[in-house]
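Trainee: One structure, as structure tokens, below. Some questions next.
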Amino acid sequence: MKGSGVISALKKKLRVNTDRDLAVRLGITTQAIQNWKNRKAVTERQLAGLVNRASGAGAKNMQANAIRPLVEFFRIERSESRQGAKYELFKTKDDDGDKRAYFDGLRKELDSHHGVYMFFDSRGQAIYAGKARRQSLWKEMKLAFNRKRGKIQKIKRVKHPTRKRSYSNSEEKVRQIIDQEVPLHELAAYFSAYQVTDGMIGEVEAMLVRSFANNLLNKKMERFSQQKRRS
């Protein structure tokens with residue numbers, strides 16, 4: 001087996017195009033890649049050493065990139081969508097139609113990655129935690145922000161008249177405080193979002209939900225995957 005053949009097969013398997021990218025994935029230098037290409041024959045010991053280096057590099061890469069903060073405690077600027085049917089978390093253009101560079105960049109990041117997210121109220125208290133595994137963080141967060149949750153998501157409120165009716169101090173009756181359904185877009189003031197390695201998304205979400213069990217509106221207590229397999 002020639003060294004050039006090993007390098008070519010590794011590029012295809014790891015889906016990288018350049019020697020530099022392959023070197024990063026394997027944990028070696030680009031000069032080492034070139035040396036491998038020049039080898040007319042590869043020994044079993046040399047191949048085993050390369051596999052060992054690649055394994056160590058993979059572990060380090062996993063540790064470095066397992067969880068990456070995209071944004072933390074970002075203030076929500078609730079605005080209607082173009083059709084007016086849903087609310088957006090923030091706008092990427094100002095009222096004059098000019099691009100807001102920071103907001104546009106954040107939107108692209110959220111739309112490009114999977115991971116976990118949290119919503120907070122105006123005091124910065126956690127009220128909702130969720131994961132984005134099949135869809136992007138942006139799409140999943142917007143769904144949660146607008147989703148009707150029926151009996152699950154309620155807080156104590158008083159229902160007041162909404163029609164054209166004058167308030168009369170002498171005739172106003174005492175209205176009962178009752179449970180009312182409230183979507184997140186009425187409660188959330190900030191959000192945080194984290195890119196998470198696909199295989200860890202469920203675990204990280206479970207940790208967040210269990211850590212804030214007495215604060216979140218989430219009613220489903222997420223469990224760790226090991227517990228799911230045993231049950």
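Identifiers in this document derive from the order of the structure tokens: chains are assigned A, B, ..., residues are numbered from 1 separately in each chain, and ligands are numbered from 1 in order of occurrence.
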Using backbone DSSP assignments, extract all strand (DSSP E or B) residues from segment 13-134 of chain A; output them as a ChimeraX atom specification.

Mentor: /A:67-75,79-80,87-88,93,99,115-120,126-132

Trainee: So that I have them on file, write out the residues from the current selection with C-alpha atoms, as an mmCIF file, in the first residue's frame.

Mentor:
data_model
loop_
_atom_site.group_PDB
_atom_site.id
_atom_site.type_symbol
_atom_site.label_atom_id
_atom_site.label_comp_id
_atom_site.auth_asym_id
_atom_site.auth_seq_id
_atom_site.Cartn_x
_atom_site.Cartn_y
_atom_site.Cartn_z
ATOM 1 C CA ILE A 67 -20.561 23.107 23.058
ATOM 2 C CA ARG A 68 -20.090 26.558 21.528
ATOM 3 C CA PRO A 69 -22.001 29.629 22.719
ATOM 4 C CA LEU A 70 -23.552 31.481 19.782
ATOM 5 C CA VAL A 71 -25.201 34.191 21.874
ATOM 6 C CA GLU A 72 -26.152 34.637 25.522
ATOM 7 C CA PHE A 73 -28.902 36.741 27.111
ATOM 8 C CA PHE A 74 -29.738 38.428 23.828
ATOM 9 C CA ARG A 75 -32.598 40.895 24.190
ATOM 10 C CA SER A 79 -41.855 41.936 15.703
ATOM 11 C CA GLU A 80 -44.500 40.579 13.380
ATOM 12 C CA TYR A 87 -43.695 36.843 15.691
ATOM 13 C CA GLU A 88 -39.989 37.085 14.929
ATOM 14 C CA LYS A 93 -33.324 45.128 8.787
ATOM 15 C CA LYS A 99 -29.385 45.657 6.954
ATOM 16 C CA GLY A 115 -28.034 22.771 19.508
ATOM 17 C CA VAL A 116 -29.923 23.913 22.590
ATOM 18 C CA TYR A 117 -31.517 27.197 23.622
ATOM 19 C CA MET A 118 -33.129 28.911 26.588
ATOM 20 C CA PHE A 119 -35.634 31.722 26.997
ATOM 21 C CA PHE A 120 -35.581 34.087 29.983
ATOM 22 C CA ALA A 126 -34.972 30.890 32.926
ATOM 23 C CA ILE A 127 -38.514 30.041 31.774
ATOM 24 C CA TYR A 128 -38.035 27.605 28.862
ATOM 25 C CA ALA A 129 -35.344 25.233 27.551
ATOM 26 C CA GLY A 130 -35.411 23.379 24.270
ATOM 27 C CA LYS A 131 -33.341 21.601 21.629
ATOM 28 C CA ALA A 132 -32.937 21.951 17.869
#

Trainee: Do you know which residues are at most 9 Å from Glu109 of chain A counting only C-alpha atoms, after dropping those on the same chain fewer than 4 positions away, and could you put them as number ranges by chain?

Mentor: A: 70, 104-105, 113, 137-138

Trainee: Please return as a PDB file with C-alpha atoms, in the first residue's frame: the residues of chain A that backbone DSSP assigns to alpha helix (DSSP H).

Mentor:
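Below is the file that was written, part_38.pdb:
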ATOM      1  CA  GLY A   3       1.213   6.413   1.316  1.00  0.00           C
ATOM      2  CA  SER A   4      -0.499   8.525  -1.347  1.00  0.00           C
ATOM      3  CA  GLY A   5      -3.291   5.946  -1.484  1.00  0.00           C
ATOM      4  CA  VAL A   6      -3.775   6.151   2.291  1.00  0.00           C
ATOM      5  CA  ILE A   7      -3.991   9.945   2.173  1.00  0.00           C
ATOM      6  CA  SER A   8      -6.459   9.880  -0.724  1.00  0.00           C
ATOM      7  CA  ALA A   9      -8.693   7.330   1.037  1.00  0.00           C
ATOM      8  CA  LEU A  10      -8.635   9.364   4.264  1.00  0.00           C
ATOM      9  CA  LYS A  11      -9.686  12.537   2.450  1.00  0.00           C
ATOM     10  CA  LYS A  12     -12.679  10.763   0.969  1.00  0.00           C
ATOM     11  CA  LYS A  13     -13.632   9.101   4.242  1.00  0.00           C
ATOM     12  CA  LEU A  14     -13.317  12.296   6.294  1.00  0.00           C
ATOM     13  CA  ASP A  19      -3.919  18.591   2.956  1.00  0.00           C
ATOM     14  CA  ARG A  20      -4.262  21.306   5.594  1.00  0.00           C
ATOM     15  CA  ASP A  21      -7.782  20.229   6.571  1.00  0.00           C
ATOM     16  CA  LEU A  22      -6.751  16.595   6.693  1.00  0.00           C
ATOM     17  CA  ALA A  23      -3.744  17.466   8.862  1.00  0.00           C
ATOM     18  CA  VAL A  24      -6.037  19.172  11.379  1.00  0.00           C
ATOM     19  CA  ARG A  25      -8.365  16.185  11.475  1.00  0.00           C
ATOM     20  CA  LEU A  26      -5.485  13.748  11.983  1.00  0.00           C
ATOM     21  CA  THR A  30       0.976  19.392   6.555  1.00  0.00           C
ATOM     22  CA  GLN A  31       4.622  18.373   6.121  1.00  0.00           C
ATOM     23  CA  ALA A  32       3.743  14.997   7.657  1.00  0.00           C
ATOM     24  CA  ILE A  33       0.973  14.646   5.084  1.00  0.00           C
ATOM     25  CA  GLN A  34       3.500  15.283   2.332  1.00  0.00           C
ATOM     26  CA  ASN A  35       5.850  12.713   3.835  1.00  0.00           C
ATOM     27  CA  TRP A  36       3.028  10.177   3.785  1.00  0.00           C
ATOM     28  CA  LYS A  37       2.371  10.903   0.121  1.00  0.00           C
ATOM     29  CA  GLU A  44       1.520  -1.802   9.753  1.00  0.00           C
ATOM     30  CA  ARG A  45       3.302   0.097  12.528  1.00  0.00           C
ATOM     31  CA  GLN A  46       3.147   3.386  10.610  1.00  0.00           C
ATOM     32  CA  LEU A  47      -0.556   2.924   9.905  1.00  0.00           C
ATOM     33  CA  ALA A  48      -1.273   2.072  13.542  1.00  0.00           C
ATOM     34  CA  GLY A  49       0.578   5.204  14.634  1.00  0.00           C
ATOM     35  CA  LEU A  50      -1.487   7.353  12.291  1.00  0.00           C
ATOM     36  CA  VAL A  51      -4.728   5.853  13.607  1.00  0.00           C
ATOM     37  CA  ASN A  52      -3.604   6.525  17.174  1.00  0.00           C
ATOM     38  CA  ARG A  53      -2.768  10.170  16.383  1.00  0.00           C
ATOM     39  CA  ALA A  54      -6.114  10.601  14.621  1.00  0.00           C
ATOM     40  CA  SER A  55      -7.975   9.134  17.611  1.00  0.00           C
ATOM     41  CA  GLY A  56      -6.313  11.572  19.986  1.00  0.00           C
ATOM     42  CA  ALA A  57      -6.975  14.518  17.671  1.00  0.00           C
ATOM     43  CA  GLY A  58     -10.633  13.508  17.407  1.00  0.00           C
ATOM     44  CA  ALA A  59     -11.007  13.460  21.180  1.00  0.00           C
ATOM     45  CA  LYS A  60      -9.417  16.908  21.512  1.00  0.00           C
ATOM     46  CA  ASN A  61     -11.590  18.273  18.715  1.00  0.00           C
ATOM     47  CA  MET A  62     -14.678  16.849  20.413  1.00  0.00           C
ATOM     48  CA  GLN A  63     -13.795  18.552  23.690  1.00  0.00           C
ATOM     49  CA  ALA A  64     -13.087  21.871  21.992  1.00  0.00           C
ATOM     50  CA  ASN A  65     -16.225  21.935  19.857  1.00  0.00           C
ATOM     51  CA  ALA A 101     -25.108  43.738  10.324  1.00  0.00           C
ATOM     52  CA  TYR A 102     -24.890  42.221  13.818  1.00  0.00           C
ATOM     53  CA  PHE A 103     -28.469  40.930  13.784  1.00  0.00           C
ATOM     54  CA  ASP A 104     -28.082  39.578  10.257  1.00  0.00           C
ATOM     55  CA  GLY A 105     -24.908  37.705  11.243  1.00  0.00           C
ATOM     56  CA  LEU A 106     -26.561  36.241  14.335  1.00  0.00           C
ATOM     57  CA  ARG A 107     -29.567  35.117  12.313  1.00  0.00           C
ATOM     58  CA  LYS A 108     -27.295  33.299   9.853  1.00  0.00           C
ATOM     59  CA  GLU A 109     -25.440  31.552  12.692  1.00  0.00           C
ATOM     60  CA  LEU A 110     -28.682  30.424  14.325  1.00  0.00           C
ATOM     61  CA  LEU A 137     -31.797  26.732  16.052  1.00  0.00           C
ATOM     62  CA  TRP A 138     -33.501  29.713  14.403  1.00  0.00           C
ATOM     63  CA  LYS A 139     -36.440  27.688  13.073  1.00  0.00           C
ATOM     64  CA  GLU A 140     -36.942  25.697  16.274  1.00  0.00           C
ATOM     65  CA  MET A 141     -36.687  28.767  18.505  1.00  0.00           C
ATOM     66  CA  LYS A 142     -39.214  30.647  16.395  1.00  0.00           C
ATOM     67  CA  LEU A 143     -41.610  27.696  16.572  1.00  0.00           C
ATOM     68  CA  ALA A 144     -41.309  27.563  20.364  1.00  0.00           C
ATOM     69  CA  PHE A 145     -41.695  31.350  20.560  1.00  0.00           C
ATOM     70  CA  ASN A 146     -45.067  31.171  18.754  1.00  0.00           C
ATOM     71  CA  ILE A 201     -27.965  17.662  22.028  1.00  0.00           C
ATOM     72  CA  GLY A 202     -30.458  15.467  23.870  1.00  0.00           C
ATOM     73  CA  GLU A 203     -28.160  15.079  26.868  1.00  0.00           C
ATOM     74  CA  VAL A 204     -27.504  18.809  27.203  1.00  0.00           C
ATOM     75  CA  GLU A 205     -31.217  19.617  26.914  1.00  0.00           C
ATOM     76  CA  ALA A 206     -32.003  17.051  29.618  1.00  0.00           C
ATOM     77  CA  MET A 207     -29.380  18.620  31.883  1.00  0.00           C
ATOM     78  CA  LEU A 208     -30.875  22.114  31.399  1.00  0.00           C
ATOM     79  CA  VAL A 209     -34.455  21.004  31.990  1.00  0.00           C
ATOM     80  CA  ARG A 210     -33.507  19.044  35.100  1.00  0.00           C
ATOM     81  CA  SER A 211     -31.305  21.861  36.426  1.00  0.00           C
ATOM     82  CA  SER A 225     -30.404   8.640  27.276  1.00  0.00           C
ATOM     83  CA  GLN A 226     -29.001   5.977  29.638  1.00  0.00           C
ATOM     84  CA  GLN A 227     -32.154   6.234  31.720  1.00  0.00           C
ATOM     85  CA  LYS A 228     -34.282   5.931  28.566  1.00  0.00           C
ATOM     86  CA  ARG A 229     -32.484   2.731  27.529  1.00  0.00           C
ATOM     87  CA  ARG A 230     -32.939   1.156  30.957  1.00  0.00           C
TER      88      ARG A 230
END

Trainee: Residues within 8 Å of Gln180 of chain A, please, as a ChimeraX atom specification. Count only C-alpha atoms; anything in the same chain fewer than 3 positions from it doesn't count.

Mentor: /A:154-157

Trainee: Could those selected residues go to a file with C-alpha atoms, as a compact mmCIF listing (two decimals), in the first residue's frame?

Mentor:
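Resulting contents of out.txt:
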# COMPACT_ATOMS: atom_id res chain seq x y z
CA LYS A 154 -50.28 28.81 31.91
CA ILE A 155 -49.81 31.57 34.44
CA LYS A 156 -52.14 33.39 36.83
CA ARG A 157 -53.85 36.40 35.27

Trainee: Report, in Å to a single decimal, how far apart atom CA of Arg175 of chain A and atom CA of Pro161 of chain A are.

Mentor: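 These atoms are spaced 10.3 Å apart.
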
Trainee: Report, in Å to a single decimal, how far apart atom CA of Asn218 of chain A and atom CA of Ser122 of chain A are.

Mentor: 17.9 Å
